[in-house]
>>> print(open('work.pdb').read())   # PDB, C-alpha atoms
ATOM      1  CA  MET P  29      38.259 113.966 102.028
ATOM      2  CA  PHE P  30      38.081 117.752 102.253
ATOM      3  CA  ILE P  31      41.374 119.470 103.090
ATOM      4  CA  GLN P  32      41.576 123.200 103.698
ATOM      5  CA  VAL P  33      44.511 125.467 104.382
ATOM      6  CA  ILE P  34      43.577 128.642 106.226
ATOM      7  CA  ALA P  35      46.366 131.198 106.185
ATOM      8  CA  VAL P  36      46.845 134.752 107.338
ATOM      9  CA  GLY P  37      47.714 137.303 104.661
ATOM     10  CA  LYS P  38      47.449 137.529 100.913
ATOM     11  CA  LEU P  39      50.121 135.934  98.772
ATOM     12  CA  LYS P  40      51.909 138.547  96.713
ATOM     13  CA  GLU P  41      54.731 136.611  95.078
ATOM     14  CA  LYS P  42      53.671 135.221  91.716
ATOM     15  CA  PHE P  43      55.911 132.156  91.976
ATOM     16  CA  LEU P  44      54.261 131.115  95.262
ATOM     17  CA  VAL P  45      50.762 131.599  93.854
ATOM     18  CA  GLN P  46      51.698 129.532  90.782
ATOM     19  CA  GLY P  47      53.291 126.776  92.845
ATOM     20  CA  ILE P  48      50.282 126.445  95.128
ATOM     21  CA  ALA P  49      47.926 126.471  92.140
ATOM     22  CA  GLU P  50      49.923 123.664  90.522
ATOM     23  CA  TYR P  51      49.753 121.429  93.606
ATOM     24  CA  ALA P  52      46.073 122.277  94.135
ATOM     25  CA  LYS P  53      45.422 121.142  90.549
ATOM     26  CA  ARG P  54      47.349 117.919  91.163
ATOM     27  CA  LEU P  55      45.301 117.267  94.310
ATOM     28  CA  GLY P  56      42.023 117.678  92.388
ATOM     29  CA  PRO P  57      41.565 114.038  91.370
ATOM     30  CA  TYR P  58      42.155 112.810  94.925
ATOM     31  CA  VAL P  59      40.631 115.210  97.456
ATOM     32  CA  LYS P  60      38.564 118.342  97.643
ATOM     33  CA  PHE P  61      41.125 121.046  98.396
ATOM     34  CA  GLN P  62      40.811 124.723  99.238
ATOM     35  CA  VAL P  63      43.086 127.532 100.396
ATOM     36  CA  LEU P  64      41.419 130.350 102.330
ATOM     37  CA  GLU P  65      43.144 133.596 103.200
ATOM     38  CA  VAL P  66      42.214 135.866 106.061
ATOM     39  CA  PRO P  67      43.475 139.448 106.095
ATOM     40  CA  ASP P  68      46.520 140.098 108.209
ATOM     41  CA  GLU P  69      46.169 142.766 110.851
ATOM     42  CA  LYS P  70      47.848 146.000 109.884
ATOM     43  CA  ALA P  71      50.385 146.837 112.547
ATOM     44  CA  PRO P  72      53.519 148.929 113.006
ATOM     45  CA  GLU P  73      56.922 147.283 112.594
ATOM     46  CA  THR P  74      57.710 147.512 116.301
ATOM     47  CA  MET P  75      55.058 146.608 118.860
ATOM     48  CA  SER P  76      54.804 145.843 122.533
ATOM     49  CA  GLU P  77      54.017 142.289 123.629
ATOM     50  CA  ALA P  78      50.461 143.394 124.428
ATOM     51  CA  GLU P  79      50.037 144.797 120.904
ATOM     52  CA  VAL P  80      51.380 141.563 119.378
ATOM     53  CA  LEU P  81      48.818 139.589 121.401
ATOM     54  CA  GLN P  82      46.054 141.882 120.145
ATOM     55  CA  VAL P  83      47.147 141.395 116.528
ATOM     56  CA  LYS P  84      47.254 137.619 116.945
ATOM     57  CA  ALA P  85      43.861 137.636 118.671
ATOM     58  CA  ARG P  86      42.212 139.579 115.835
ATOM     59  CA  GLU P  87      43.778 137.318 113.204
ATOM     60  CA  GLY P  88      42.750 134.313 115.298
ATOM     61  CA  GLU P  89      39.119 135.435 115.341
ATOM     62  CA  ARG P  90      39.177 135.609 111.548
ATOM     63  CA  ILE P  91      40.686 132.136 111.323
ATOM     64  CA  LEU P  92      38.251 130.572 113.770
ATOM     65  CA  GLY P  93      35.360 132.195 111.929
ATOM     66  CA  LEU P  94      36.195 129.935 108.963
ATOM     67  CA  VAL P  95      36.701 126.686 110.881
ATOM     68  CA  LYS P  96      33.666 124.399 110.871
ATOM     69  CA  SER P  97      32.786 122.620 114.108
ATOM     70  CA  ASP P  98      33.357 119.146 112.624
ATOM     71  CA  ALA P  99      36.834 119.947 111.282
ATOM     72  CA  HIS P 100      39.998 118.342 112.572
ATOM     73  CA  VAL P 101      42.406 121.260 112.958
ATOM     74  CA  ILE P 102      46.175 120.970 112.598
ATOM     75  CA  ALA P 103      47.971 124.169 113.581
ATOM     76  CA  LEU P 104      51.383 124.838 112.078
ATOM     77  CA  GLU P 105      53.430 125.994 114.997
ATOM     78  CA  VAL P 106      57.111 126.160 115.893
ATOM     79  CA  GLY P 107      56.518 124.177 119.097
ATOM     80  CA  GLY P 108      54.512 121.465 117.341
ATOM     81  CA  GLU P 109      55.439 117.869 116.609
ATOM     82  CA  LEU P 110      57.942 117.034 113.893
ATOM     83  CA  TRP P 111      56.492 114.583 111.353
ATOM     84  CA  SER P 112      58.007 112.849 108.383
ATOM     85  CA  SER P 113      56.106 112.883 105.106
ATOM     86  CA  GLU P 114      55.044 109.302 105.823
ATOM     87  CA  GLU P 115      53.742 110.300 109.260
ATOM     88  CA  LEU P 116      51.675 113.097 107.700
ATOM     89  CA  ALA P 117      50.329 110.594 105.187
ATOM     90  CA  GLY P 118      49.448 108.206 108.012
ATOM     91  CA  CYS P 119      47.674 110.958 109.931
ATOM     92  CA  LEU P 120      45.564 111.921 106.911
ATOM     93  CA  ASP P 121      44.807 108.268 106.187
ATOM     94  CA  ARG P 122      43.655 107.611 109.784
ATOM     95  CA  LEU P 123      41.543 110.756 109.850
ATOM     96  CA  GLY P 124      39.878 109.851 106.573
ATOM     97  CA  THR P 125      39.227 106.296 107.668
ATOM     98  CA  TYR P 126      38.350 106.636 111.350
ATOM     99  CA  GLY P 127      38.033 110.288 112.211
ATOM    100  CA  THR P 128      36.818 113.114 110.130
ATOM    101  CA  SER P 129      36.933 113.695 106.428
ATOM    102  CA  HIS P 130      37.365 117.461 106.951
ATOM    103  CA  VAL P 131      40.908 118.507 107.843
ATOM    104  CA  VAL P 132      42.014 122.110 108.270
ATOM    105  CA  PHE P 133      45.658 123.184 108.380
ATOM    106  CA  VAL P 134      46.172 126.646 109.872
ATOM    107  CA  ILE P 135      49.122 128.940 109.161
ATOM    108  CA  GLY P 136      49.376 132.106 111.235
ATOM    109  CA  GLY P 137      50.748 135.470 110.311
ATOM    110  CA  SER P 138      54.213 136.843 110.936
ATOM    111  CA  HIS P 139      53.625 136.847 114.703
ATOM    112  CA  GLY P 140      52.258 133.311 114.858
ATOM    113  CA  LEU P 141      48.908 131.964 115.981
ATOM    114  CA  ALA P 142      46.611 133.156 118.738
ATOM    115  CA  ASP P 143      46.259 130.906 121.773
ATOM    116  CA  ALA P 144      42.578 130.429 120.890
ATOM    117  CA  VAL P 145      43.536 128.904 117.527
ATOM    118  CA  ILE P 146      46.157 126.648 119.103
ATOM    119  CA  SER P 147      43.596 125.540 121.701
ATOM    120  CA  ARG P 148      41.078 124.691 118.950
ATOM    121  CA  ALA P 149      43.626 122.532 117.149
ATOM    122  CA  GLN P 150      43.664 118.809 117.798
ATOM    123  CA  GLN P 151      47.268 118.647 116.638
ATOM    124  CA  ARG P 152      50.232 120.978 116.312
ATOM    125  CA  LEU P 153      52.718 120.431 113.517
ATOM    126  CA  SER P 154      56.171 121.918 113.082
ATOM    127  CA  PHE P 155      58.243 121.802 109.918
ATOM    128  CA  GLY P 156      61.401 122.293 111.955
ATOM    129  CA  ARG P 157      63.196 124.833 114.051
ATOM    130  CA  MET P 158      64.237 126.997 111.116
ATOM    131  CA  THR P 159      62.220 130.125 110.546
ATOM    132  CA  LEU P 160      60.417 130.141 107.209
ATOM    133  CA  PRO P 161      58.337 133.001 105.847
ATOM    134  CA  HIS P 162      54.697 132.152 106.538
ATOM    135  CA  GLN P 163      53.897 132.738 102.867
ATOM    136  CA  LEU P 164      56.534 130.227 101.717
ATOM    137  CA  MET P 165      55.193 127.799 104.312
ATOM    138  CA  ARG P 166      51.942 127.595 102.346
ATOM    139  CA  LEU P 167      53.722 126.200  99.307
ATOM    140  CA  VAL P 168      55.746 123.752 101.403
ATOM    141  CA  LEU P 169      52.586 122.567 103.195
ATOM    142  CA  VAL P 170      50.559 122.097 100.008
ATOM    143  CA  GLU P 171      53.418 120.125  98.435
ATOM    144  CA  GLN P 172      53.564 117.907 101.528
ATOM    145  CA  ILE P 173      49.797 117.333 101.440
ATOM    146  CA  TYR P 174      50.124 116.253  97.808
ATOM    147  CA  ARG P 175      53.060 114.001  98.711
ATOM    148  CA  ALA P 176      51.012 112.454 101.551
ATOM    149  CA  VAL P 177      48.099 111.726  99.223
ATOM    150  CA  LYS P 178      50.427 110.047  96.729
ATOM    151  CA  ILE P 179      52.039 107.974  99.513
ATOM    152  CA  ASN P 180      48.617 106.835 100.722
ATOM    153  CA  ARG P 181      47.624 105.787  97.217
ATOM    154  CA  GLY P 182      50.882 103.923  96.674
ATOM    155  CA  GLU P 183      51.602 106.022  93.617
ATOM    156  CA  PRO P 184      55.054 107.221  92.553
ATOM    157  CA  TYR P 185      56.212 110.731  93.412
ATOM    158  CA  HIS P 186      57.369 110.703  96.998
ATOM    159  CA  LYS P 187      60.884 109.288  96.495
TER     160      LYS P 187
END
>>> encode(input="work.pdb", output="structure tokens")
Amino acid sequence: MFIQVIAVGKLKEKFLVQGIAEYAKRLGPYVKFQVLEVPDEKAPETMSEAEVLQVKAREGERILGLVKSDAHVIALEVGGELWSSEELAGCLDRLGTYGTSHVVFVIGGSHGLADAVISRAQQRLSFGRMTLPHQLMRLVLVEQIYRAVKINRGEPYHK
């Protein structure tokens, strides 16, 4: 299975980079794993709704430019479905067995994802109603992917 995370913006915090690198290393024996970053759109602190849509659209074009046509896309979005770790594991297991072996998780920038990206996604996933920094979300997602892989293999870690 090939799992990618496509995220907007460059990670700056060393502890997040190290955490993601650790989980990526742990995933190595089980799946091909890759994190891709697309540049965030430079924008002023305060913007009109139209300007926000433009920023999201430009970031969305960059994201979609990296998504292969055969990929199963899961967009991380506030309005998405709430899954347990076991449900994520089940989803990945079903995709690997019956669907596609290429799964892409997409994390938007600080303004969220463009409608075009959400439309391309086969599934929308939410990690809850709390607001988390999109950069921290990368670490949480990669940890959950690792947890899901361990659950599917029946190996200890997830308890």
>>> residues_around(input="work.pdb", residues="range 94-96 of chain P", least_positions_apart="2", cutoff="9 Å", atoms="only C-alpha atoms", output="list in words")
Ile34, Leu64, Val66, Glu89, Arg90, Ile91, Leu92, Asp98, Ala99, His100, Val101, His130 and Val132 of chain P
>>> residues_around(input="work.pdb", residues="Gln62 in chain P", least_positions_apart="6", cutoff="7 Å", atoms="only C-alpha atoms", output="list in words")
Ile31, Gln32 and Val33 of chain P
>>> atom_distance(input="work.pdb", atom1="CA of Ala142 in chain P", atom2="CA of Val36 in chain P")
11.5 Å
>>> resolve_selection(input="work.pdb", expression="the PyMOL selection byres ((chain P and resi 105-121) around 7)", output="ChimeraX atom specification")
/P:103-104,122-125,152-157,172,176-177,179-180
>>> atom_distance(input="work.pdb", atom1="CA of Lys40 in chain P", atom2="CA of Thr159 in chain P")
19.2 Å
>>> resolve_selection(input="work.pdb", expression="the PyMOL selection byres ((chain P and resi 61) around 8)", output="short mmCIF file (atom, residue, chain, number, x, y, z; two decimals) with C-alpha atoms, in the frame of the given file")
data_model
loop_
_atom_site.label_atom_id
_atom_site.label_comp_id
_atom_site.auth_asym_id
_atom_site.auth_seq_id
_atom_site.Cartn_x
_atom_site.Cartn_y
_atom_site.Cartn_z
CA PHE P 30 38.08 117.75 102.25
CA ILE P 31 41.37 119.47 103.09
CA GLN P 32 41.58 123.20 103.70
CA ALA P 52 46.07 122.28 94.14
CA LEU P 55 45.30 117.27 94.31
CA GLY P 56 42.02 117.68 92.39
CA VAL P 59 40.63 115.21 97.46
CA LYS P 60 38.56 118.34 97.64
CA GLN P 62 40.81 124.72 99.24
CA VAL P 63 43.09 127.53 100.40
#
>>> closest_residue(input="work.pdb", among="P:Pro72, P:Pro184, P:Pro57, P:Pro67", to="Gly137 in chain P", atoms="only C-alpha atoms")
P:Pro67
>>> closest_residue(input="work.pdb", among="P:Ala35, P:Thr74, P:Phe43, P:Gly127", to="Met165 in chain P", atoms="all atoms listed in the file")
P:Ala35
>>> closest_residue(input="work.pdb", among="P:Tyr51, P:His139, P:Gln163, P:Val134", to="Glu77 in chain P", atoms="all atoms listed in the file")
P:His139
>>> atom_distance(input="work.pdb", atom1="CA of Met29 in chain P", atom2="CA of Tyr174 in chain P")
12.8 Å
>>> closest_residue(input="work.pdb", among="P:Ile48, P:Tyr58, P:Ala149, P:Gly37", to="Leu169 in chain P", atoms="only C-alpha atoms")
P:Ile48
>>> closest_residue(input="work.pdb", among="P:Leu141, P:Val83, P:Ile135, P:Ile146", to="Leu164 in chain P", atoms="only C-alpha atoms")
P:Ile135
>>> axis_aligned_box(input="work.pdb", around="range 112-127 of chain P", padding_each_side="4 Å", output="lines of an AutoDock Vina configuration file")
center_x = 48.0
center_y = 109.7
center_z = 108.7
size_x = 28.0
size_y = 14.8
size_z = 15.1
>>> closest_residue(input="work.pdb", among="P:Arg175, P:Lys53, P:Lys70, P:Arg181", to="Ser138 in chain P", atoms="only C-alpha atoms")
P:Lys70
>>> build_atoms(input="work.pdb", residues="range 141-154 of chain P", atoms="N, CA and C atoms", output="PDB file, in the frame of the given file")
ATOM      1  N   LEU P 141      50.331 132.220 115.771  1.00  0.00           N
ATOM      2  CA  LEU P 141      48.908 131.964 115.981  1.00  0.00           C
ATOM      3  C   LEU P 141      48.463 132.390 117.368  1.00  0.00           C
ATOM      4  N   ALA P 142      47.218 132.816 117.452  1.00  0.00           N
ATOM      5  CA  ALA P 142      46.611 133.156 118.738  1.00  0.00           C
ATOM      6  C   ALA P 142      46.427 131.890 119.562  1.00  0.00           C
ATOM      7  N   ASP P 143      46.475 132.045 120.873  1.00  0.00           N
ATOM      8  CA  ASP P 143      46.259 130.906 121.773  1.00  0.00           C
ATOM      9  C   ASP P 143      44.923 130.228 121.510  1.00  0.00           C
ATOM     10  N   ALA P 144      43.907 130.999 121.152  1.00  0.00           N
ATOM     11  CA  ALA P 144      42.578 130.429 120.890  1.00  0.00           C
ATOM     12  C   ALA P 144      42.616 129.469 119.704  1.00  0.00           C
ATOM     13  N   VAL P 145      43.414 129.779 118.695  1.00  0.00           N
ATOM     14  CA  VAL P 145      43.536 128.904 117.527  1.00  0.00           C
ATOM     15  C   VAL P 145      44.298 127.643 117.920  1.00  0.00           C
ATOM     16  N   ILE P 146      45.373 127.802 118.664  1.00  0.00           N
ATOM     17  CA  ILE P 146      46.157 126.648 119.103  1.00  0.00           C
ATOM     18  C   ILE P 146      45.301 125.741 119.995  1.00  0.00           C
ATOM     19  N   SER P 147      44.480 126.334 120.836  1.00  0.00           N
ATOM     20  CA  SER P 147      43.596 125.540 121.701  1.00  0.00           C
ATOM     21  C   SER P 147      42.555 124.773 120.889  1.00  0.00           C
ATOM     22  N   ARG P 148      42.089 125.347 119.799  1.00  0.00           N
ATOM     23  CA  ARG P 148      41.078 124.691 118.950  1.00  0.00           C
ATOM     24  C   ARG P 148      41.673 123.513 118.183  1.00  0.00           C
ATOM     25  N   ALA P 149      42.965 123.564 117.947  1.00  0.00           N
ATOM     26  CA  ALA P 149      43.626 122.532 117.149  1.00  0.00           C
ATOM     27  C   ALA P 149      43.723 121.216 117.917  1.00  0.00           C
ATOM     28  N   GLN P 150      43.473 120.138 117.213  1.00  0.00           N
ATOM     29  CA  GLN P 150      43.664 118.809 117.798  1.00  0.00           C
ATOM     30  C   GLN P 150      45.132 118.391 117.738  1.00  0.00           C
ATOM     31  N   GLN P 151      45.858 118.971 116.783  1.00  0.00           N
ATOM     32  CA  GLN P 151      47.268 118.647 116.638  1.00  0.00           C
ATOM     33  C   GLN P 151      48.037 119.904 116.268  1.00  0.00           C
ATOM     34  N   ARG P 152      49.323 119.884 116.656  1.00  0.00           N
ATOM     35  CA  ARG P 152      50.232 120.978 116.312  1.00  0.00           C
ATOM     36  C   ARG P 152      51.395 120.368 115.547  1.00  0.00           C
ATOM     37  N   LEU P 153      51.689 120.959 114.402  1.00  0.00           N
ATOM     38  CA  LEU P 153      52.718 120.431 113.517  1.00  0.00           C
ATOM     39  C   LEU P 153      53.793 121.480 113.291  1.00  0.00           C
ATOM     40  N   SER P 154      55.043 121.040 113.368  1.00  0.00           N
ATOM     41  CA  SER P 154      56.171 121.918 113.082  1.00  0.00           C
ATOM     42  C   SER P 154      56.941 121.352 111.900  1.00  0.00           C
TER      43      SER P 154
END
